[in-house]
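*Asks:* Input structure: work_28.cif, which contains mmCIF, C-alpha atoms and all ligand atoms.
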```
data_data
loop_
_atom_site.group_PDB
_atom_site.id
_atom_site.type_symbol
_atom_site.label_atom_id
_atom_site.label_comp_id
_atom_site.auth_asym_id
_atom_site.auth_seq_id
_atom_site.Cartn_x
_atom_site.Cartn_y
_atom_site.Cartn_z
ATOM 1 C CA MET B 120 10.988 1.817 13.518
ATOM 2 C CA GLU B 121 7.907 2.481 15.603
ATOM 3 C CA THR B 122 4.477 2.951 14.182
ATOM 4 C CA HIS B 123 3.364 6.562 14.255
ATOM 5 C CA PRO B 124 -0.429 6.679 14.104
ATOM 6 C CA GLU B 125 -0.376 10.312 13.025
ATOM 7 C CA MET B 126 1.281 9.448 9.733
ATOM 8 C CA PHE B 127 -1.973 7.874 8.581
ATOM 9 C CA ALA B 128 -5.053 9.738 7.487
ATOM 10 C CA PRO B 129 -7.791 9.401 10.115
ATOM 11 C CA TYR B 130 -9.632 6.112 9.804
ATOM 12 C CA GLU B 131 -12.228 4.285 11.809
ATOM 13 C CA ARG B 132 -11.898 0.853 10.391
ATOM 14 C CA LEU B 133 -9.773 -1.445 8.353
ATOM 15 C CA ILE B 134 -11.005 -2.538 4.958
ATOM 16 C CA GLU B 135 -10.152 -5.648 3.040
ATOM 17 C CA VAL B 136 -8.066 -5.507 -0.096
ATOM 18 C CA GLU B 137 -6.111 -8.119 -1.975
ATOM 19 C CA ILE B 138 -2.393 -7.654 -2.453
ATOM 20 C CA LEU B 139 -0.565 -10.099 -4.679
ATOM 21 C CA GLY B 140 -3.311 -12.655 -4.179
ATOM 22 C CA ARG B 141 -3.495 -12.355 -0.414
ATOM 23 C CA LYS B 142 -6.325 -10.723 1.536
ATOM 24 C CA ARG B 143 -5.138 -7.925 3.797
ATOM 25 C CA GLN B 144 -6.711 -5.471 6.225
ATOM 26 C CA VAL B 145 -5.662 -1.870 5.693
ATOM 27 C CA PRO B 146 -6.841 1.512 6.993
ATOM 28 C CA GLU B 147 -9.607 3.162 4.973
ATOM 29 C CA ASN B 148 -9.122 6.734 3.672
ATOM 30 C CA ASN B 149 -5.410 6.214 3.122
ATOM 31 C CA SER B 150 -3.320 6.019 -0.012
ATOM 32 C CA ILE B 151 -2.333 2.607 -1.254
ATOM 33 C CA LEU B 152 1.259 3.446 -0.376
ATOM 34 C CA ARG B 153 0.322 4.260 3.233
ATOM 35 C CA CYS B 154 -1.493 0.945 3.378
ATOM 36 C CA LEU B 155 1.605 -0.885 2.202
ATOM 37 C CA GLN B 156 3.527 0.983 4.872
ATOM 38 C CA PHE B 157 0.882 0.022 7.435
ATOM 39 C CA LEU B 158 1.568 -3.601 6.608
ATOM 40 C CA GLN B 159 5.347 -3.370 6.369
ATOM 41 C CA MET B 160 6.455 -0.312 8.246
ATOM 42 C CA ASP B 161 10.213 -0.702 8.125
ATOM 43 C CA SER B 162 10.753 -1.568 4.510
ATOM 44 C CA ILE B 163 8.357 0.990 3.053
ATOM 45 C CA SER B 164 9.495 3.738 5.436
ATOM 46 C CA ASN B 165 13.091 3.207 4.392
ATOM 47 C CA ALA B 166 12.471 2.877 0.673
ATOM 48 C CA ASP B 167 13.525 5.427 -1.918
ATOM 49 C CA LEU B 168 10.141 7.138 -2.242
ATOM 50 C CA CYS B 169 9.177 10.797 -2.607
ATOM 51 C CA TRP B 170 5.599 10.392 -1.309
ATOM 52 C CA ASN B 171 4.409 13.274 -3.466
ATOM 53 C CA GLY B 172 3.909 12.018 -6.994
ATOM 54 C CA ASP B 173 7.350 12.824 -8.430
ATOM 55 C CA CYS B 174 9.461 9.674 -8.435
ATOM 56 C CA LEU B 175 6.954 7.072 -9.701
ATOM 57 C CA ASN B 176 8.795 4.410 -7.696
ATOM 58 C CA CYS B 177 5.538 3.613 -5.950
ATOM 59 C CA GLN B 178 3.635 2.504 -9.023
ATOM 60 C CA VAL B 179 1.306 -0.455 -8.597
ATOM 61 C CA TRP B 180 -1.120 -2.191 -10.914
ATOM 62 C CA ILE B 181 -4.676 -2.827 -9.923
ATOM 63 C CA GLU B 182 -7.205 -5.037 -11.588
ATOM 64 C CA ASN B 183 -10.041 -2.983 -12.922
ATOM 65 C CA LYS B 184 -12.880 -4.644 -14.813
ATOM 66 C CA GLY B 185 -10.636 -7.469 -15.910
ATOM 67 C CA LYS B 186 -7.850 -5.169 -17.045
ATOM 68 C CA GLU B 187 -4.626 -4.039 -15.441
ATOM 69 C CA LYS B 188 -4.430 -0.399 -14.580
ATOM 70 C CA ALA B 189 -1.250 1.299 -13.408
ATOM 71 C CA VAL B 190 -1.681 3.826 -10.622
ATOM 72 C CA ILE B 191 0.618 5.944 -8.506
ATOM 73 C CA SER B 192 0.086 4.448 -5.088
ATOM 74 C CA CYS B 193 0.995 7.565 -3.092
ATOM 75 C CA ARG B 194 -1.722 9.442 -4.996
ATOM 76 C CA THR B 195 -4.436 6.800 -5.050
ATOM 77 C CA THR B 196 -6.798 6.159 -2.171
ATOM 78 C CA VAL B 197 -7.409 2.579 -1.258
ATOM 79 C CA ALA B 198 -10.894 1.135 -1.747
ATOM 80 C CA GLU B 199 -12.663 -1.850 -0.284
ATOM 81 C CA GLY B 200 -12.101 -4.934 -2.400
ATOM 82 C CA MET B 201 -9.305 -3.364 -4.438
ATOM 83 C CA LYS B 202 -7.031 -5.930 -6.053
ATOM 84 C CA ILE B 203 -3.392 -4.969 -6.303
ATOM 85 C CA ILE B 204 -1.828 -7.451 -8.649
ATOM 86 C CA ARG B 205 1.637 -6.076 -9.317
ATOM 87 C CA LEU B 206 4.083 -3.735 -7.611
ATOM 88 C CA SER B 207 6.930 -1.622 -8.915
ATOM 89 C CA LYS B 208 10.314 -3.271 -8.456
ATOM 90 C CA ASP B 209 11.223 -0.200 -6.409
ATOM 91 C CA LEU B 210 8.659 -1.043 -3.765
ATOM 92 C CA PRO B 211 10.244 -3.316 -1.158
ATOM 93 C CA PHE B 212 7.068 -5.101 -0.175
ATOM 94 C CA ALA B 213 7.611 -8.705 0.789
ATOM 95 C CA THR B 214 4.859 -11.271 0.573
ATOM 96 C CA VAL B 215 6.079 -12.605 3.890
ATOM 97 C CA GLY B 216 7.469 -10.872 6.935
ATOM 98 C CA ASP B 217 4.716 -8.428 7.853
ATOM 99 C CA THR B 218 4.760 -6.436 11.015
ATOM 100 C CA GLU B 219 2.897 -8.072 13.859
ATOM 101 C CA ARG B 220 -0.583 -6.738 13.240
ATOM 102 C CA ASN B 221 -1.215 -8.590 9.992
ATOM 103 C CA LYS B 222 0.415 -11.881 10.641
HETATM 104 S S1 LIG A 1 6.359 7.826 -3.847
HETATM 105 FE FE1 LIG A 1 7.165 8.982 -5.448
HETATM 106 S S2 LIG A 1 5.541 9.066 -6.864
HETATM 107 FE FE2 LIG A 1 4.703 7.986 -5.191
#
```
I'd like the structure from this file rewritten - as structure tokens, please.
Ligand code: FES
*Replies:*
Amino acid sequence: METHPEMFAPYERLIEVEILGRKRQVPENNSILRCLQFLQMDSISNADLCWNGDCLNCQVWIENKGKEKAVISCRTTVAEGMKIIRLSKDLPFATVGDTERNK
């Protein structure tokens, strides 16, 4: 599948977050789920996801002040330095095999 820039909210720069212990560059102003898609376009695009807050398949856990906090990634905007420490089993995000841009 090709990348469609218009699927992302407008952004001017990439920000650094940590996903499963690995530093990644993702587009600011976008939901966490869009950022996962940015990194792994095919698998996230083809996953069983509603993208509108209904299915909860996109749940991720972020570290917040030393505690885990579950958030709905399609409804949560990414932030610089965010640490995503766990992903729903329904999110097909591999720790290897990114699309070219983040290798
Ligand atoms: S994708 Fe369904 S709730 Fe986020």
*Asks:* Could you tell me how far CA of Ser164 (chain B) sits from CA of Thr195 (chain B), in Å to one decimal place?
*Replies:*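 We find that CA of Thr195 (chain B) and CA of Ser164 (chain B) lie 17.7 Å from each other.
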*Asks:* Could you list, as a ChimeraX atom specification, every residue within 8 Å of region 126-139 of chain B, counting only C-alpha atoms and ignoring same-chain residues fewer than 5 positions away?
*Replies:* /B:144-149,153,198-205,214
*Asks:* What does the PyMOL selection byres (((not hetatm)) within 9 of (chain A and resi 1)) select in this file, as a ChimeraX atom specification?
*Replies:* /B:152,167-178,191-194
*Asks:* Do you have the CA of Glu182 (chain B)-CA of Glu125 (chain B) distance handy?
*Replies:*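 CA of Glu125 (chain B) lies 29.8 Å from CA of Glu182 (chain B).
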*Asks:* Can you measure CA of Phe157 (chain B) to CA of Gly185 (chain B) for me? One decimal in Å is fine.
*Replies:*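 That distance, rounded to one decimal, is 27.1 Å.
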*Asks:* Measuring atom to atom with all atoms listed in the file, identify which of B:Ile181, B:Val190, B:Thr196, B:Ala213 is nearest to Gln159 (chain B).
*Replies:*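 Checking each of B:Ile181, B:Val190, B:Thr196, B:Ala213 against Gln159 (chain B), counting all atoms listed in the file, the winner is B:Ala213.
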*Asks:* As JSON, please report the centre and edge lengths, rounded to one decimal in Å, of the axis-aligned box that holds all listed atoms of region 195-214 of chain B with 3 Å of padding on each of the six sides.
*Replies:*
```
{"center_x": -0.7, "center_y": -2.2, "center_z": -4.3, "size_x": 29.9, "size_y": 24.1, "size_z": 16.1}
```
*Asks:* Give as a ChimeraX atom specification the residues that the PyMOL selection byres (((chain B and resi 210) around 8) and not hetatm) matches when applied to the coordinates above.
*Replies:* /B:163,166,176-177,206-209,211-212
*Asks:* As a PDB file, in the coordinates of the input, please: region 198-215 of chain B completed to N, CA and C atoms.
*Replies:*
```pdb
ATOM      1  N   ALA B 198      -9.447   1.365  -1.760  1.00  0.00           N
ATOM      2  CA  ALA B 198     -10.894   1.135  -1.747  1.00  0.00           C
ATOM      3  C   ALA B 198     -11.164  -0.310  -1.370  1.00  0.00           C
ATOM      4  N   GLU B 199     -12.276  -0.504  -0.699  1.00  0.00           N
ATOM      5  CA  GLU B 199     -12.663  -1.850  -0.284  1.00  0.00           C
ATOM      6  C   GLU B 199     -12.679  -2.786  -1.489  1.00  0.00           C
ATOM      7  N   GLY B 200     -12.074  -3.938  -1.333  1.00  0.00           N
ATOM      8  CA  GLY B 200     -12.101  -4.934  -2.400  1.00  0.00           C
ATOM      9  C   GLY B 200     -11.084  -4.708  -3.508  1.00  0.00           C
ATOM     10  N   MET B 201     -10.304  -3.657  -3.399  1.00  0.00           N
ATOM     11  CA  MET B 201      -9.305  -3.364  -4.438  1.00  0.00           C
ATOM     12  C   MET B 201      -8.343  -4.542  -4.574  1.00  0.00           C
ATOM     13  N   LYS B 202      -7.986  -4.843  -5.814  1.00  0.00           N
ATOM     14  CA  LYS B 202      -7.031  -5.930  -6.053  1.00  0.00           C
ATOM     15  C   LYS B 202      -5.751  -5.343  -6.621  1.00  0.00           C
ATOM     16  N   ILE B 203      -4.700  -5.450  -5.846  1.00  0.00           N
ATOM     17  CA  ILE B 203      -3.392  -4.969  -6.303  1.00  0.00           C
ATOM     18  C   ILE B 203      -2.631  -6.188  -6.790  1.00  0.00           C
ATOM     19  N   ILE B 204      -2.349  -6.212  -8.076  1.00  0.00           N
ATOM     20  CA  ILE B 204      -1.828  -7.451  -8.649  1.00  0.00           C
ATOM     21  C   ILE B 204      -0.338  -7.386  -8.984  1.00  0.00           C
ATOM     22  N   ARG B 205       0.219  -6.194  -8.997  1.00  0.00           N
ATOM     23  CA  ARG B 205       1.637  -6.076  -9.317  1.00  0.00           C
ATOM     24  C   ARG B 205       2.181  -4.821  -8.662  1.00  0.00           C
ATOM     25  N   LEU B 206       3.443  -4.876  -8.276  1.00  0.00           N
ATOM     26  CA  LEU B 206       4.083  -3.735  -7.611  1.00  0.00           C
ATOM     27  C   LEU B 206       5.345  -3.353  -8.369  1.00  0.00           C
ATOM     28  N   SER B 207       5.662  -2.081  -8.353  1.00  0.00           N
ATOM     29  CA  SER B 207       6.930  -1.622  -8.915  1.00  0.00           C
ATOM     30  C   SER B 207       8.093  -2.361  -8.267  1.00  0.00           C
ATOM     31  N   LYS B 208       9.134  -2.608  -9.023  1.00  0.00           N
ATOM     32  CA  LYS B 208      10.314  -3.271  -8.456  1.00  0.00           C
ATOM     33  C   LYS B 208      10.987  -2.380  -7.411  1.00  0.00           C
ATOM     34  N   ASP B 209      10.639  -1.117  -7.389  1.00  0.00           N
ATOM     35  CA  ASP B 209      11.223  -0.200  -6.409  1.00  0.00           C
ATOM     36  C   ASP B 209      10.470  -0.182  -5.084  1.00  0.00           C
ATOM     37  N   LEU B 210       9.415  -0.960  -5.020  1.00  0.00           N
ATOM     38  CA  LEU B 210       8.659  -1.043  -3.765  1.00  0.00           C
ATOM     39  C   LEU B 210       9.086  -2.297  -3.009  1.00  0.00           C
ATOM     40  N   PRO B 211       9.761  -2.146  -1.900  1.00  0.00           N
ATOM     41  CA  PRO B 211      10.244  -3.316  -1.158  1.00  0.00           C
ATOM     42  C   PRO B 211       9.143  -3.903  -0.275  1.00  0.00           C
ATOM     43  N   PHE B 212       8.180  -4.509  -0.917  1.00  0.00           N
ATOM     44  CA  PHE B 212       7.068  -5.101  -0.175  1.00  0.00           C
ATOM     45  C   PHE B 212       7.181  -6.609  -0.301  1.00  0.00           C
ATOM     46  N   ALA B 213       7.430  -7.257   0.820  1.00  0.00           N
ATOM     47  CA  ALA B 213       7.611  -8.705   0.789  1.00  0.00           C
ATOM     48  C   ALA B 213       6.271  -9.400   0.984  1.00  0.00           C
ATOM     49  N   THR B 214       6.111 -10.536   0.378  1.00  0.00           N
ATOM     50  CA  THR B 214       4.859 -11.271   0.573  1.00  0.00           C
ATOM     51  C   THR B 214       4.870 -12.036   1.891  1.00  0.00           C
ATOM     52  N   VAL B 215       5.999 -12.069   2.524  1.00  0.00           N
ATOM     53  CA  VAL B 215       6.079 -12.605   3.890  1.00  0.00           C
ATOM     54  C   VAL B 215       6.783 -11.557   4.745  1.00  0.00           C
TER      55      VAL B 215
END
```
